[in-house]
Structures are given as C-alpha cells and as structure tokens.
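Colleague: Below is the file query35.cif, with mmCIF, C-alpha atoms, pLDDT in the B column; chains and numbers go by the auth columns.
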```cif
data_start
#
loop_
_atom_site.group_PDB
_atom_site.id
_atom_site.type_symbol
_atom_site.label_atom_id
_atom_site.label_comp_id
_atom_site.label_asym_id
_atom_site.label_seq_id
_atom_site.Cartn_x
_atom_site.Cartn_y
_atom_site.Cartn_z
_atom_site.B_iso_or_equiv
_atom_site.auth_seq_id
_atom_site.auth_asym_id
ATOM 1 C CA ASP A 1 -5.320 13.663 -4.542 84.00 12 Z
ATOM 2 C CA SER A 2 -2.467 12.258 -2.459 86.00 13 Z
ATOM 3 C CA GLY A 3 0.162 14.654 -3.802 93.00 14 Z
ATOM 4 C CA VAL A 4 2.192 11.795 -5.279 97.00 15 Z
ATOM 5 C CA THR A 5 2.489 11.895 -9.049 97.00 16 Z
ATOM 6 C CA GLN A 6 3.401 9.083 -11.411 98.00 17 Z
ATOM 7 C CA THR A 7 4.117 9.124 -15.105 97.00 18 Z
ATOM 8 C CA PRO A 8 3.185 7.764 -17.493 97.00 19 Z
ATOM 9 C CA LYS A 9 -0.312 6.645 -16.617 97.00 20 Z
ATOM 10 C CA HIS A 10 -0.298 3.880 -19.205 97.00 21 Z
ATOM 11 C CA LEU A 11 2.562 2.167 -21.006 97.00 22 Z
ATOM 12 C CA ILE A 12 2.377 -0.494 -23.689 98.00 23 Z
ATOM 13 C CA THR A 13 5.558 -2.137 -24.845 97.00 24 Z
ATOM 14 C CA ALA A 14 6.893 -5.370 -26.292 97.00 25 Z
ATOM 15 C CA THR A 15 8.718 -8.238 -24.670 98.00 26 Z
ATOM 16 C CA GLY A 16 12.429 -7.695 -24.320 97.00 27 Z
ATOM 17 C CA GLN A 17 12.128 -3.941 -24.111 98.00 28 Z
ATOM 18 C CA ARG A 18 13.125 -1.580 -21.304 98.00 29 Z
ATOM 19 C CA VAL A 19 10.939 1.067 -19.698 98.00 30 Z
ATOM 20 C CA THR A 20 11.291 3.708 -17.004 98.00 31 Z
ATOM 21 C CA LEU A 21 8.534 4.671 -14.615 98.00 32 Z
ATOM 22 C CA ARG A 22 8.739 7.953 -12.787 98.00 33 Z
ATOM 23 C CA CYS A 23 7.468 9.054 -9.396 98.00 34 Z
ATOM 24 C CA SER A 24 7.450 12.409 -7.636 98.00 35 Z
ATOM 25 C CA PRO A 25 6.771 12.176 -3.898 96.00 36 Z
ATOM 26 C CA ARG A 26 4.679 14.548 -1.839 95.00 37 Z
ATOM 27 C CA SER A 27 6.363 17.790 -0.986 92.00 38 Z
ATOM 28 C CA GLY A 28 8.613 17.210 2.019 88.00 39 Z
ATOM 29 C CA ASP A 29 8.527 13.400 1.939 91.00 40 Z
ATOM 30 C CA LEU A 30 11.979 11.870 1.793 90.00 41 Z
ATOM 31 C CA SER A 31 10.989 8.226 1.420 90.00 42 Z
ATOM 32 C CA VAL A 32 9.723 6.538 -1.728 94.00 43 Z
ATOM 33 C CA TYR A 33 8.363 3.022 -2.064 94.00 44 Z
ATOM 34 C CA TRP A 34 7.610 0.996 -5.179 96.00 45 Z
ATOM 35 C CA TYR A 35 4.919 -1.678 -5.306 95.00 46 Z
ATOM 36 C CA GLN A 36 3.811 -4.043 -8.044 95.00 47 Z
ATOM 37 C CA GLN A 37 0.248 -5.261 -8.399 94.00 48 Z
ATOM 38 C CA SER A 38 -0.444 -7.957 -10.948 92.00 49 Z
ATOM 39 C CA LEU A 39 -3.984 -8.681 -12.118 84.00 50 Z
ATOM 40 C CA ASP A 40 -6.269 -9.469 -9.175 72.00 51 Z
ATOM 41 C CA GLN A 41 -3.287 -9.738 -6.848 77.00 52 Z
ATOM 42 C CA GLY A 42 -2.251 -7.857 -3.744 81.00 53 Z
ATOM 43 C CA LEU A 43 0.454 -5.264 -3.624 88.00 54 Z
ATOM 44 C CA GLN A 44 3.969 -6.657 -3.661 90.00 55 Z
ATOM 45 C CA PHE A 45 6.642 -4.472 -2.130 89.00 56 Z
ATOM 46 C CA LEU A 46 9.586 -3.986 -4.467 94.00 57 Z
ATOM 47 C CA ILE A 47 11.993 -1.458 -3.027 93.00 58 Z
ATOM 48 C CA GLN A 48 12.285 1.611 -0.815 92.00 59 Z
ATOM 49 C CA TYR A 49 14.534 4.654 -0.955 93.00 60 Z
ATOM 50 C CA TYR A 50 15.120 7.270 1.681 90.00 61 Z
ATOM 51 C CA ASN A 51 16.783 10.548 0.773 91.00 62 Z
ATOM 52 C CA GLY A 52 18.591 9.012 -2.153 94.00 63 Z
ATOM 53 C CA GLU A 53 19.690 5.786 -0.500 93.00 64 Z
ATOM 54 C CA GLU A 54 18.231 2.325 -0.844 93.00 65 Z
ATOM 55 C CA ARG A 55 16.739 1.285 2.483 88.00 66 Z
ATOM 56 C CA ALA A 56 14.800 -1.908 1.900 87.00 67 Z
ATOM 57 C CA LYS A 57 14.309 -4.496 -0.781 90.00 68 Z
ATOM 58 C CA GLY A 58 11.377 -6.772 -1.312 89.00 69 Z
ATOM 59 C CA ASN A 59 10.623 -9.176 -4.124 83.00 70 Z
ATOM 60 C CA ILE A 60 12.342 -7.158 -6.805 93.00 71 Z
ATOM 61 C CA LEU A 61 13.701 -9.006 -9.805 95.00 72 Z
ATOM 62 C CA GLU A 62 17.292 -8.509 -10.910 96.00 73 Z
ATOM 63 C CA ARG A 63 15.924 -7.151 -14.199 97.00 74 Z
ATOM 64 C CA PHE A 64 14.386 -4.300 -12.234 97.00 75 Z
ATOM 65 C CA SER A 65 16.256 -1.429 -10.658 97.00 76 Z
ATOM 66 C CA ALA A 66 15.405 1.881 -9.095 97.00 77 Z
ATOM 67 C CA GLN A 67 17.004 5.058 -7.924 97.00 78 Z
ATOM 68 C CA GLN A 68 16.084 8.242 -6.111 97.00 79 Z
ATOM 69 C CA PHE A 69 17.553 11.491 -7.328 97.00 80 Z
ATOM 70 C CA PRO A 70 18.690 14.574 -5.362 96.00 81 Z
ATOM 71 C CA ASP A 71 15.380 16.289 -6.053 95.00 82 Z
ATOM 72 C CA LEU A 72 13.772 13.201 -4.432 95.00 83 Z
ATOM 73 C CA HIS A 73 11.918 11.949 -7.464 97.00 84 Z
ATOM 74 C CA SER A 74 12.400 8.270 -8.155 98.00 85 Z
ATOM 75 C CA GLU A 75 12.561 6.099 -11.227 98.00 86 Z
ATOM 76 C CA LEU A 76 11.877 2.393 -11.570 98.00 87 Z
ATOM 77 C CA ASN A 77 13.644 0.773 -14.497 98.00 88 Z
ATOM 78 C CA LEU A 78 12.282 -2.469 -15.894 98.00 89 Z
ATOM 79 C CA SER A 79 14.373 -4.281 -18.500 97.00 90 Z
ATOM 80 C CA SER A 80 14.144 -7.432 -20.623 97.00 91 Z
ATOM 81 C CA LEU A 81 10.421 -7.230 -20.121 98.00 92 Z
ATOM 82 C CA GLU A 82 8.334 -10.378 -20.052 97.00 93 Z
ATOM 83 C CA LEU A 83 4.590 -10.880 -20.413 96.00 94 Z
ATOM 84 C CA GLY A 84 4.393 -11.555 -16.683 94.00 95 Z
ATOM 85 C CA ASP A 85 5.672 -8.073 -15.900 96.00 96 Z
ATOM 86 C CA SER A 86 2.348 -6.637 -17.009 97.00 97 Z
ATOM 87 C CA ALA A 87 0.944 -5.027 -13.893 97.00 98 Z
ATOM 88 C CA LEU A 88 0.095 -1.841 -12.079 97.00 99 Z
ATOM 89 C CA TYR A 89 3.123 -0.203 -10.547 98.00 100 Z
ATOM 90 C CA PHE A 90 2.492 2.092 -7.612 97.00 101 Z
ATOM 91 C CA CYS A 91 4.767 4.556 -5.988 97.00 102 Z
ATOM 92 C CA ALA A 92 4.173 5.744 -2.455 95.00 103 Z
ATOM 93 C CA SER A 93 5.873 8.367 -0.365 93.00 104 Z
ATOM 94 C CA SER A 94 5.971 8.731 3.365 87.00 105 Z
ATOM 95 C CA THR A 95 6.797 10.949 6.257 74.00 106 Z
ATOM 96 C CA SER A 96 9.779 10.330 8.458 62.00 107 Z
ATOM 97 C CA PRO A 97 10.601 6.636 8.672 56.00 108 Z
ATOM 98 C CA LEU A 98 13.036 7.004 11.497 56.00 109 Z
ATOM 99 C CA LEU A 99 10.788 6.840 14.528 54.00 110 Z
ATOM 100 C CA ARG A 100 9.588 3.275 14.865 56.00 111 Z
ATOM 101 C CA VAL A 101 7.156 3.974 17.657 54.00 112 Z
ATOM 102 C CA LYS A 102 5.259 6.622 15.784 67.00 113 Z
ATOM 103 C CA PRO A 103 2.583 5.980 13.178 70.00 114 Z
ATOM 104 C CA TYR A 104 3.853 6.010 9.677 74.00 115 Z
ATOM 105 C CA PHE A 105 1.726 6.673 6.643 82.00 116 Z
ATOM 106 C CA LEU A 106 2.105 5.817 3.009 88.00 117 Z
ATOM 107 C CA TYR A 107 0.606 8.109 0.390 92.00 118 Z
ATOM 108 C CA PHE A 108 0.092 6.355 -2.914 95.00 119 Z
ATOM 109 C CA GLY A 109 0.209 7.727 -6.403 97.00 120 Z
ATOM 110 C CA PRO A 110 -2.342 6.824 -9.084 96.00 121 Z
ATOM 111 C CA GLY A 111 -0.093 4.135 -10.551 97.00 122 Z
ATOM 112 C CA THR A 112 1.324 3.262 -13.952 98.00 123 Z
ATOM 113 C CA ARG A 113 -0.360 0.473 -15.871 97.00 124 Z
ATOM 114 C CA LEU A 114 2.260 -1.466 -17.804 98.00 125 Z
ATOM 115 C CA THR A 115 1.167 -3.815 -20.548 97.00 126 Z
ATOM 116 C CA VAL A 116 3.791 -6.053 -22.155 97.00 127 Z
ATOM 117 C CA THR A 117 2.713 -7.612 -25.459 96.00 128 Z
ATOM 118 C CA ASP B 1 5.434 -14.686 5.391 44.00 17 T
ATOM 119 C CA ALA B 2 1.802 -13.797 6.011 44.00 18 T
ATOM 120 C CA LYS B 3 1.476 -11.204 8.721 80.00 19 T
ATOM 121 C CA THR B 4 -2.236 -10.505 8.396 88.00 20 T
ATOM 122 C CA THR B 5 -5.191 -12.719 7.596 91.00 21 T
ATOM 123 C CA GLN B 6 -8.419 -11.369 6.148 94.00 22 T
ATOM 124 C CA PRO B 7 -11.450 -13.017 4.555 96.00 23 T
ATOM 125 C CA PRO B 8 -11.200 -12.777 0.759 95.00 24 T
ATOM 126 C CA SER B 9 -14.614 -11.204 0.293 97.00 25 T
ATOM 127 C CA MET B 10 -17.663 -9.890 2.130 97.00 26 T
ATOM 128 C CA ASP B 11 -21.048 -8.544 1.157 97.00 27 T
ATOM 129 C CA CYS B 12 -22.883 -5.705 2.838 96.00 28 T
ATOM 130 C CA ALA B 13 -26.228 -4.066 2.174 97.00 29 T
ATOM 131 C CA GLU B 14 -26.179 -0.366 1.440 97.00 30 T
ATOM 132 C CA GLY B 15 -26.837 1.677 4.570 96.00 31 T
ATOM 133 C CA ARG B 16 -25.842 -1.117 6.902 97.00 32 T
ATOM 134 C CA ALA B 17 -22.634 -1.369 8.903 97.00 33 T
ATOM 135 C CA ALA B 18 -19.751 -3.260 7.310 97.00 34 T
ATOM 136 C CA ASN B 19 -17.507 -5.095 9.755 98.00 35 T
ATOM 137 C CA LEU B 20 -14.211 -6.242 8.279 98.00 36 T
ATOM 138 C CA PRO B 21 -12.076 -8.517 10.468 97.00 37 T
ATOM 139 C CA CYS B 22 -8.309 -8.967 10.429 95.00 38 T
ATOM 140 C CA ASN B 23 -5.992 -11.301 12.309 94.00 39 T
ATOM 141 C CA HIS B 24 -2.477 -10.060 13.054 90.00 40 T
ATOM 142 C CA SER B 25 -1.343 -12.460 15.746 88.00 41 T
ATOM 143 C CA THR B 26 2.392 -11.753 15.250 83.00 42 T
ATOM 144 C CA ILE B 27 2.167 -8.010 15.707 84.00 43 T
ATOM 145 C CA SER B 28 4.772 -6.652 18.069 79.00 44 T
ATOM 146 C CA GLY B 29 3.935 -4.540 21.066 75.00 45 T
ATOM 147 C CA ASN B 30 4.634 -1.106 19.656 77.00 46 T
ATOM 148 C CA GLU B 31 3.492 -1.611 16.102 82.00 47 T
ATOM 149 C CA TYR B 32 0.441 0.121 14.720 86.00 48 T
ATOM 150 C CA VAL B 33 -2.324 -1.501 12.711 89.00 49 T
ATOM 151 C CA TYR B 34 -3.254 0.426 9.577 91.00 50 T
ATOM 152 C CA TRP B 35 -6.198 0.065 7.244 94.00 51 T
ATOM 153 C CA TYR B 36 -6.140 1.129 3.626 95.00 52 T
ATOM 154 C CA ARG B 37 -8.579 0.602 0.812 96.00 53 T
ATOM 155 C CA GLN B 38 -8.194 0.361 -2.927 95.00 54 T
ATOM 156 C CA ILE B 39 -11.104 1.343 -5.121 94.00 55 T
ATOM 157 C CA HIS B 40 -10.931 -0.460 -8.456 89.00 56 T
ATOM 158 C CA SER B 41 -7.347 0.033 -9.677 87.00 57 T
ATOM 159 C CA GLN B 42 -6.669 3.335 -7.980 93.00 58 T
ATOM 160 C CA GLY B 43 -3.819 3.903 -5.550 94.00 59 T
ATOM 161 C CA PRO B 44 -4.561 2.641 -2.034 93.00 60 T
ATOM 162 C CA GLN B 45 -6.077 5.204 0.290 93.00 61 T
ATOM 163 C CA TYR B 46 -5.433 5.512 4.012 91.00 62 T
ATOM 164 C CA ILE B 47 -8.475 4.954 6.237 95.00 63 T
ATOM 165 C CA ILE B 48 -7.448 4.689 9.869 94.00 64 T
ATOM 166 C CA HIS B 49 -4.781 3.384 12.219 91.00 65 T
ATOM 167 C CA GLY B 50 -4.547 2.287 15.841 91.00 66 T
ATOM 168 C CA LEU B 51 -2.214 0.934 18.478 89.00 67 T
ATOM 169 C CA LYS B 52 -4.189 -0.315 21.486 89.00 68 T
ATOM 170 C CA ASN B 53 -7.302 1.752 21.875 86.00 69 T
ATOM 171 C CA ASN B 54 -10.310 1.872 19.635 93.00 70 T
ATOM 172 C CA GLU B 55 -10.213 4.697 17.147 95.00 71 T
ATOM 173 C CA THR B 56 -12.803 6.620 15.144 95.00 72 T
ATOM 174 C CA ASN B 57 -12.533 9.163 12.388 94.00 73 T
ATOM 175 C CA GLU B 58 -14.829 10.549 9.735 93.00 74 T
ATOM 176 C CA MET B 59 -14.427 7.464 7.573 93.00 75 T
ATOM 177 C CA ALA B 60 -14.517 4.527 9.942 97.00 76 T
ATOM 178 C CA SER B 61 -14.006 3.019 13.378 97.00 77 T
ATOM 179 C CA LEU B 62 -11.293 0.600 14.379 97.00 78 T
ATOM 180 C CA ILE B 63 -11.756 -1.928 17.164 97.00 79 T
ATOM 181 C CA ILE B 64 -8.579 -3.637 18.408 94.00 80 T
ATOM 182 C CA THR B 65 -8.779 -6.609 20.753 94.00 81 T
ATOM 183 C CA GLU B 66 -7.100 -6.357 24.117 92.00 82 T
ATOM 184 C CA ASP B 67 -4.403 -8.861 23.142 91.00 83 T
ATOM 185 C CA ARG B 68 -3.904 -6.901 19.886 91.00 84 T
ATOM 186 C CA LYS B 69 -3.998 -10.083 17.832 91.00 85 T
ATOM 187 C CA SER B 70 -6.961 -8.992 15.788 94.00 86 T
ATOM 188 C CA SER B 71 -8.920 -5.937 14.782 95.00 87 T
ATOM 189 C CA THR B 72 -12.154 -4.992 13.046 97.00 88 T
ATOM 190 C CA LEU B 73 -12.733 -2.093 10.708 98.00 89 T
ATOM 191 C CA ILE B 74 -16.265 -0.751 10.867 98.00 90 T
ATOM 192 C CA LEU B 75 -17.867 1.340 8.145 97.00 91 T
ATOM 193 C CA PRO B 76 -20.984 2.504 9.990 96.00 92 T
ATOM 194 C CA HIS B 77 -23.237 3.184 6.996 95.00 93 T
ATOM 195 C CA ALA B 78 -21.804 1.570 3.908 96.00 94 T
ATOM 196 C CA THR B 79 -22.523 3.146 0.530 96.00 95 T
ATOM 197 C CA LEU B 80 -21.984 1.842 -2.977 96.00 96 T
ATOM 198 C CA ARG B 81 -18.867 4.017 -3.138 95.00 97 T
ATOM 199 C CA ASP B 82 -17.352 1.953 -0.337 97.00 98 T
ATOM 200 C CA THR B 83 -17.074 -1.050 -2.642 97.00 99 T
ATOM 201 C CA ALA B 84 -13.330 -1.697 -2.652 97.00 100 T
ATOM 202 C CA VAL B 85 -10.559 -3.987 -1.464 95.00 101 T
ATOM 203 C CA TYR B 86 -9.712 -3.286 2.170 97.00 102 T
ATOM 204 C CA TYR B 87 -6.217 -3.998 3.431 94.00 103 T
ATOM 205 C CA CYS B 88 -5.228 -4.510 7.030 93.00 104 T
ATOM 206 C CA ILE B 89 -1.527 -3.725 7.354 89.00 105 T
ATOM 207 C CA VAL B 90 1.210 -4.090 9.895 83.00 106 T
ATOM 208 C CA ARG B 91 4.798 -3.141 9.430 71.00 107 T
ATOM 209 C CA VAL B 92 6.891 -6.221 8.742 59.00 108 T
ATOM 210 C CA HIS B 93 10.145 -4.536 9.475 63.00 109 T
ATOM 211 C CA PHE B 94 11.270 -1.019 10.195 60.00 110 T
ATOM 212 C CA ASN B 95 10.140 0.303 6.873 65.00 111 T
ATOM 213 C CA LYS B 96 8.276 -2.458 5.065 70.00 112 T
ATOM 214 C CA PHE B 97 4.530 -2.621 4.907 76.00 113 T
ATOM 215 C CA TYR B 98 2.947 -5.993 4.218 77.00 114 T
ATOM 216 C CA PHE B 99 -0.375 -5.606 2.443 82.00 115 T
ATOM 217 C CA GLY B 100 -1.674 -9.143 2.244 80.00 116 T
ATOM 218 C CA SER B 101 -4.544 -10.117 -0.028 85.00 117 T
ATOM 219 C CA GLY B 102 -7.174 -7.866 1.513 92.00 118 T
ATOM 220 C CA THR B 103 -10.953 -8.232 1.694 96.00 119 T
ATOM 221 C CA LYS B 104 -13.096 -7.410 -1.312 96.00 120 T
ATOM 222 C CA LEU B 105 -16.130 -5.613 0.102 98.00 121 T
ATOM 223 C CA ASN B 106 -19.188 -5.642 -2.128 97.00 122 T
ATOM 224 C CA VAL B 107 -21.813 -3.125 -1.078 97.00 123 T
ATOM 225 C CA LYS B 108 -25.138 -4.005 -2.630 96.00 124 T
ATOM 226 C CA PRO B 109 -28.213 -1.806 -3.086 95.00 125 T
#
```
Render the structure in this file as structure tokens.
Modeller:
Amino acid sequence: DSGVTQTPKHLITATGQRVTLRCSPRSGDLSVYWYQQSLDQGLQFLIQYYNGEERAKGNILERFSAQQFPDLHSELNLSSLELGDSALYFCASSTSPLLRVKPYFLYFGPGTRLTVT
Amino acid sequence: DAKTTQPPSMDCAEGRAANLPCNHSTISGNEYVYWYRQIHSQGPQYIIHGLKNNETNEMASLIITEDRKSSTLILPHATLRDTAVYYCIVRVHFNKFYFGSGTKLNVKP
C-alpha cells in the first residue's frame, strides 16, 4: 500500500459525458502527478501540481483539466469523453520536488479504470 | 522524445537471475536512474535507484556503466511473482518522469 488513494476504482460512462477522478496523496506529500495508461501502452504523463499550483504539463488534452485543493487532494476532470479516452488513470504523489540533485520518488495509487462506451 | 530504451520483452526461468538492460544515453550528470515495475494493471512500484555507483537493496541490484549511458537491473532469483513490466526512468525535466515502454518480463516455471 503506497498511501495514495484514488476513487473510484472503476468508472463506466458514455461518450460525450464528463467525469471526475479523485486522488489523495500520501500524508505530507505536496506534489501530485496524473498519468494515463491506455491498453497495453506505457504511462503518459498528463499534469503535475505542487501545493495547489500547476507545475508541469505533459500530453494533456484540452478536454481534460485538473486541480489541487488546499487539503492537497487532486481531481482530474475529463469532459466530452471519447472512446479513445478509455484507459487507466494513475495518480502519484511525491516528496519534495525542489532539490534537483536529490533522488525523487513517485508513489502511485491503484488507479481508476475508465471505460467509455 | 525517447529518453530510455529497453527491450520490449524478456523471458527468465524461475530461480534464475533476470538481467534487464536500459539505455539512457542522454542522461545528465546529476540525474538519477530509477527502476519501477508494474504488475498487471496495478500502480507502478518503486524498485531501486542509482546515480553512479552500483546499488543493491532487498529487491534487486542496479549496475550503472561508468559513462552512465546504460544500466542493468538484476533480480537475483526471479519468481513467478516478478512477472511484470519493468520501467527504467530518468527525469526529463525538473519534475517530469519519462516512463518509456518498459520491458515485459515473463518468469516461467
């Protein structure tokens, strides 16, 4: 158990709909990352937040957005869903990101499996 | 934008050592190499990391070449439970981790 929680575990919805995925980081971790993993694909970095502020963006679609709240939990919002958005969505949290020369670990949650029909 | 190169799959007999190679020729001088694994569709799990020297922990050993352009993860006595996708990771930027496609390790009885 990494200490990172994600809800829901599974989500089935129709094309065109909007969903929200939730992530609670490990206690004390200020940074949250979101990754997407489509079937038999690697993990694609979407976005990162640190203490409520967006810090880095990857291949995140304009239909997707995220935020990190004062209590440090994060939500990933996916709208106008398409069949191709079906994937596993992972959240990860990390220790301090500020010291480049020090090792830096990501702790992953169990993921949310999104199925768009 | 590939930062790491790994073979797509490898087989290993149960009880034998599994040696998983990774090329990371563009790694910068002060960046660590990290290894994670993903069992089935679970969240990736940290295995080990290293900078210049070889490292060992309870899960695995990490051998990094002197020029730091490649590394090898060693599972000394692979078990069926080690069947997973293994990712060699370097930080692309300050706070981005590039996972690549990983190596699917099949441990066979």
Colleague: Tell me as a ChimeraX atom specification which residues belonging to chain Z come within 12 Å of chain T, counting only C-alpha atoms.
Modeller: /Z:12-17,20,42-61,65-70,98-124
Colleague: In terms of the shortest atom-to-atom distance over only C-alpha atoms, which of Z:Ser91, Z:Ser76, Z:Asn62, Z:Thr128 is closest to Z:Gln28?
Modeller: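 Of Z:Ser91, Z:Ser76, Z:Asn62, Z:Thr128, the one nearest Z:Gln28, counting only C-alpha atoms, is Z:Ser91.
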Colleague: Report, in Å with one decimal, the straight-line distance from atom CA of Z:Asp96 to atom CA of Z:Thr126.
Modeller: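 Calculated distance between atom CA of Z:Asp96 and atom CA of Z:Thr126 is 7.7 Å.
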Colleague: Which protein, DNA or RNA residues are at most 7 Å from (0.6, -9.5, 18.7) in the file's coordinates when you count only C-alpha atoms, listed as JSON, numbers by chain?
Modeller: {"T": [40, 41, 42, 43, 44, 45, 83, 84, 85]}
Colleague: Report, as JSON, the axis-aligned box around all atoms of stretch 20-39 of chain T present in the file, extended by 6 Å on each side; give centre and edge lengths in Å to one decimal place.
Modeller:
```
{"center_x": -14.5, "center_y": -5.7, "center_z": 6.3, "size_x": 36.6, "size_y": 26.7, "size_z": 24.0}
```
Colleague: Starting from the shown file, work through the PyMOL selection byres ((chain Z and resi 88) around 8) and note down what comes out as a list of chain:residue names.
Modeller: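 This file, filtered by the PyMOL selection byres ((chain Z and resi 88) around 8), leaves Z:Arg29, Z:Val30, Z:Thr31, Z:Leu32, Z:Phe75, Z:Ser76, Z:Ala77, Z:Glu86, Z:Leu87, Z:Leu89, Z:Ser90.
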Colleague: What's the separation between atom CA of T:Lys68 and atom CA of T:Pro92, in Å to one decimal place?
Modeller: 20.5 Å
Colleague: Quick one: residues within 6 Å of T:Leu89, only C-alpha atoms counted, chain neighbours fewer than 3 positions away excluded, as a list in words?
Modeller: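 My reading of the contact set: Asn35, Leu36, Ser77 and Leu78 of chain T.
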Colleague: Tell me, as a list in words, which residues lie within 6 Å of T:Leu91, counting all atoms listed in the file; anything in the same chain fewer than 5 positions away does not count.
Modeller: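 Skipping anything fewer than 5 positions along the chain leaves Ala33, Ala34 and Ala76 of chain T.
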Colleague: Given the choices T:Ile63, T:Ile79, T:Val106, T:Ile55, which gets closest to T:Pro37 if the distance is worked out from all atoms listed in the file?
Modeller: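 Of all the options, T:Ile79 lies closest to T:Pro37.
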Colleague: Report, in Å with one decimal, the straight-line distance from atom CA of Z:Leu125 to atom CA of T:Asn122.
Modeller: 26.9 Å
Colleague: If the PyMOL selection byres ((chain T and resi 23) around 8) were run on this exact file, what residues would it hold? Put them as a list in words.
Modeller: Thr21, Gln22, Pro24, Ser25, Met26, Pro37, Cys38, Gly118 and Thr119 of chain T
Colleague: Looking at Z:Val127, Z:Ile71, Z:Leu41, Z:Ala25, which one is nearest to Z:His84, with distances taken over all atoms listed in the file?
Modeller: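 Going through Z:Val127, Z:Ile71, Z:Leu41, Z:Ala25 one by one, the smallest distance to Z:His84 is for Z:Leu41.
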Colleague: Place N, CA and C atoms on stretch 62-86 of chain Z and deliver the coordinates as an mmCIF file, in the frame of the given file.
Modeller:
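Everything below was put into selection.cif:
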```
data_model
loop_
_atom_site.group_PDB
_atom_site.id
_atom_site.type_symbol
_atom_site.label_atom_id
_atom_site.label_comp_id
_atom_site.auth_asym_id
_atom_site.auth_seq_id
_atom_site.Cartn_x
_atom_site.Cartn_y
_atom_site.Cartn_z
ATOM 1 N N ASN Z 62 15.853 9.452 1.020
ATOM 2 C CA ASN Z 62 16.783 10.548 0.773
ATOM 3 C C ASN Z 62 17.941 10.120 -0.131
ATOM 4 N N GLY Z 63 17.609 9.393 -1.151
ATOM 5 C CA GLY Z 63 18.591 9.012 -2.153
ATOM 6 C C GLY Z 63 19.257 7.665 -1.935
ATOM 7 N N GLU Z 64 19.041 7.065 -0.784
ATOM 8 C CA GLU Z 64 19.690 5.786 -0.500
ATOM 9 C C GLU Z 64 18.684 4.649 -0.436
ATOM 10 N N GLU Z 65 19.087 3.509 -0.940
ATOM 11 C CA GLU Z 65 18.231 2.325 -0.844
ATOM 12 C C GLU Z 65 18.158 1.881 0.608
ATOM 13 N N ARG Z 66 16.907 1.637 1.083
ATOM 14 C CA ARG Z 66 16.739 1.285 2.483
ATOM 15 C C ARG Z 66 16.175 -0.124 2.678
ATOM 16 N N ALA Z 67 15.394 -0.584 1.750
ATOM 17 C CA ALA Z 67 14.800 -1.908 1.900
ATOM 18 C C ALA Z 67 14.478 -2.481 0.536
ATOM 19 N N LYS Z 68 14.628 -3.794 0.462
ATOM 20 C CA LYS Z 68 14.309 -4.496 -0.781
ATOM 21 C C LYS Z 68 13.289 -5.576 -0.498
ATOM 22 N N GLY Z 69 12.354 -5.704 -1.412
ATOM 23 C CA GLY Z 69 11.377 -6.772 -1.312
ATOM 24 C C GLY Z 69 11.610 -7.763 -2.428
ATOM 25 N N ASN Z 70 10.526 -8.168 -3.069
ATOM 26 C CA ASN Z 70 10.623 -9.176 -4.124
ATOM 27 C C ASN Z 70 10.926 -8.545 -5.478
ATOM 28 N N ILE Z 71 11.998 -7.837 -5.559
ATOM 29 C CA ILE Z 71 12.342 -7.158 -6.805
ATOM 30 C C ILE Z 71 13.273 -8.029 -7.633
ATOM 31 N N LEU Z 72 12.910 -8.191 -8.903
ATOM 32 C CA LEU Z 72 13.701 -9.006 -9.805
ATOM 33 C C LEU Z 72 15.009 -8.304 -10.148
ATOM 34 N N GLU Z 73 16.001 -9.099 -10.531
ATOM 35 C CA GLU Z 73 17.292 -8.509 -10.910
ATOM 36 C C GLU Z 73 17.163 -7.659 -12.171
ATOM 37 N N ARG Z 74 16.155 -7.936 -12.981
ATOM 38 C CA ARG Z 74 15.924 -7.151 -14.199
ATOM 39 C C ARG Z 74 15.359 -5.763 -13.879
ATOM 40 N N PHE Z 75 14.969 -5.575 -12.645
ATOM 41 C CA PHE Z 75 14.386 -4.300 -12.234
ATOM 42 C C PHE Z 75 15.396 -3.543 -11.383
ATOM 43 N N SER Z 76 15.401 -2.253 -11.508
ATOM 44 C CA SER Z 76 16.256 -1.429 -10.658
ATOM 45 C C SER Z 76 15.570 -0.099 -10.415
ATOM 46 N N ALA Z 77 16.010 0.589 -9.412
ATOM 47 C CA ALA Z 77 15.405 1.881 -9.095
ATOM 48 C C ALA Z 77 16.474 2.816 -8.568
ATOM 49 N N GLN Z 78 16.136 4.080 -8.555
ATOM 50 C CA GLN Z 78 17.004 5.058 -7.924
ATOM 51 C C GLN Z 78 16.166 6.254 -7.505
ATOM 52 N N GLN Z 79 16.719 7.003 -6.557
ATOM 53 C CA GLN Z 79 16.084 8.242 -6.111
ATOM 54 C C GLN Z 79 17.102 9.359 -6.307
ATOM 55 N N PHE Z 80 16.665 10.403 -6.929
ATOM 56 C CA PHE Z 80 17.553 11.491 -7.328
ATOM 57 C C PHE Z 80 17.606 12.581 -6.260
ATOM 58 N N PRO Z 81 18.578 13.507 -6.371
ATOM 59 C CA PRO Z 81 18.690 14.574 -5.362
ATOM 60 C C PRO Z 81 17.427 15.392 -5.184
ATOM 61 N N ASP Z 82 16.629 15.537 -6.228
ATOM 62 C CA ASP Z 82 15.380 16.289 -6.053
ATOM 63 C C ASP Z 82 14.269 15.399 -5.477
ATOM 64 N N LEU Z 83 14.608 14.201 -5.115
ATOM 65 C CA LEU Z 83 13.772 13.201 -4.432
ATOM 66 C C LEU Z 83 12.812 12.444 -5.343
ATOM 67 N N HIS Z 84 12.742 12.785 -6.614
ATOM 68 C CA HIS Z 84 11.918 11.949 -7.464
ATOM 69 C C HIS Z 84 12.624 10.605 -7.656
ATOM 70 N N SER Z 85 11.849 9.615 -8.024
ATOM 71 C CA SER Z 85 12.400 8.270 -8.155
ATOM 72 C C SER Z 85 12.011 7.686 -9.505
ATOM 73 N N GLU Z 86 12.842 6.803 -9.988
ATOM 74 C CA GLU Z 86 12.561 6.099 -11.227
ATOM 75 C C GLU Z 86 12.727 4.597 -11.013
#
```
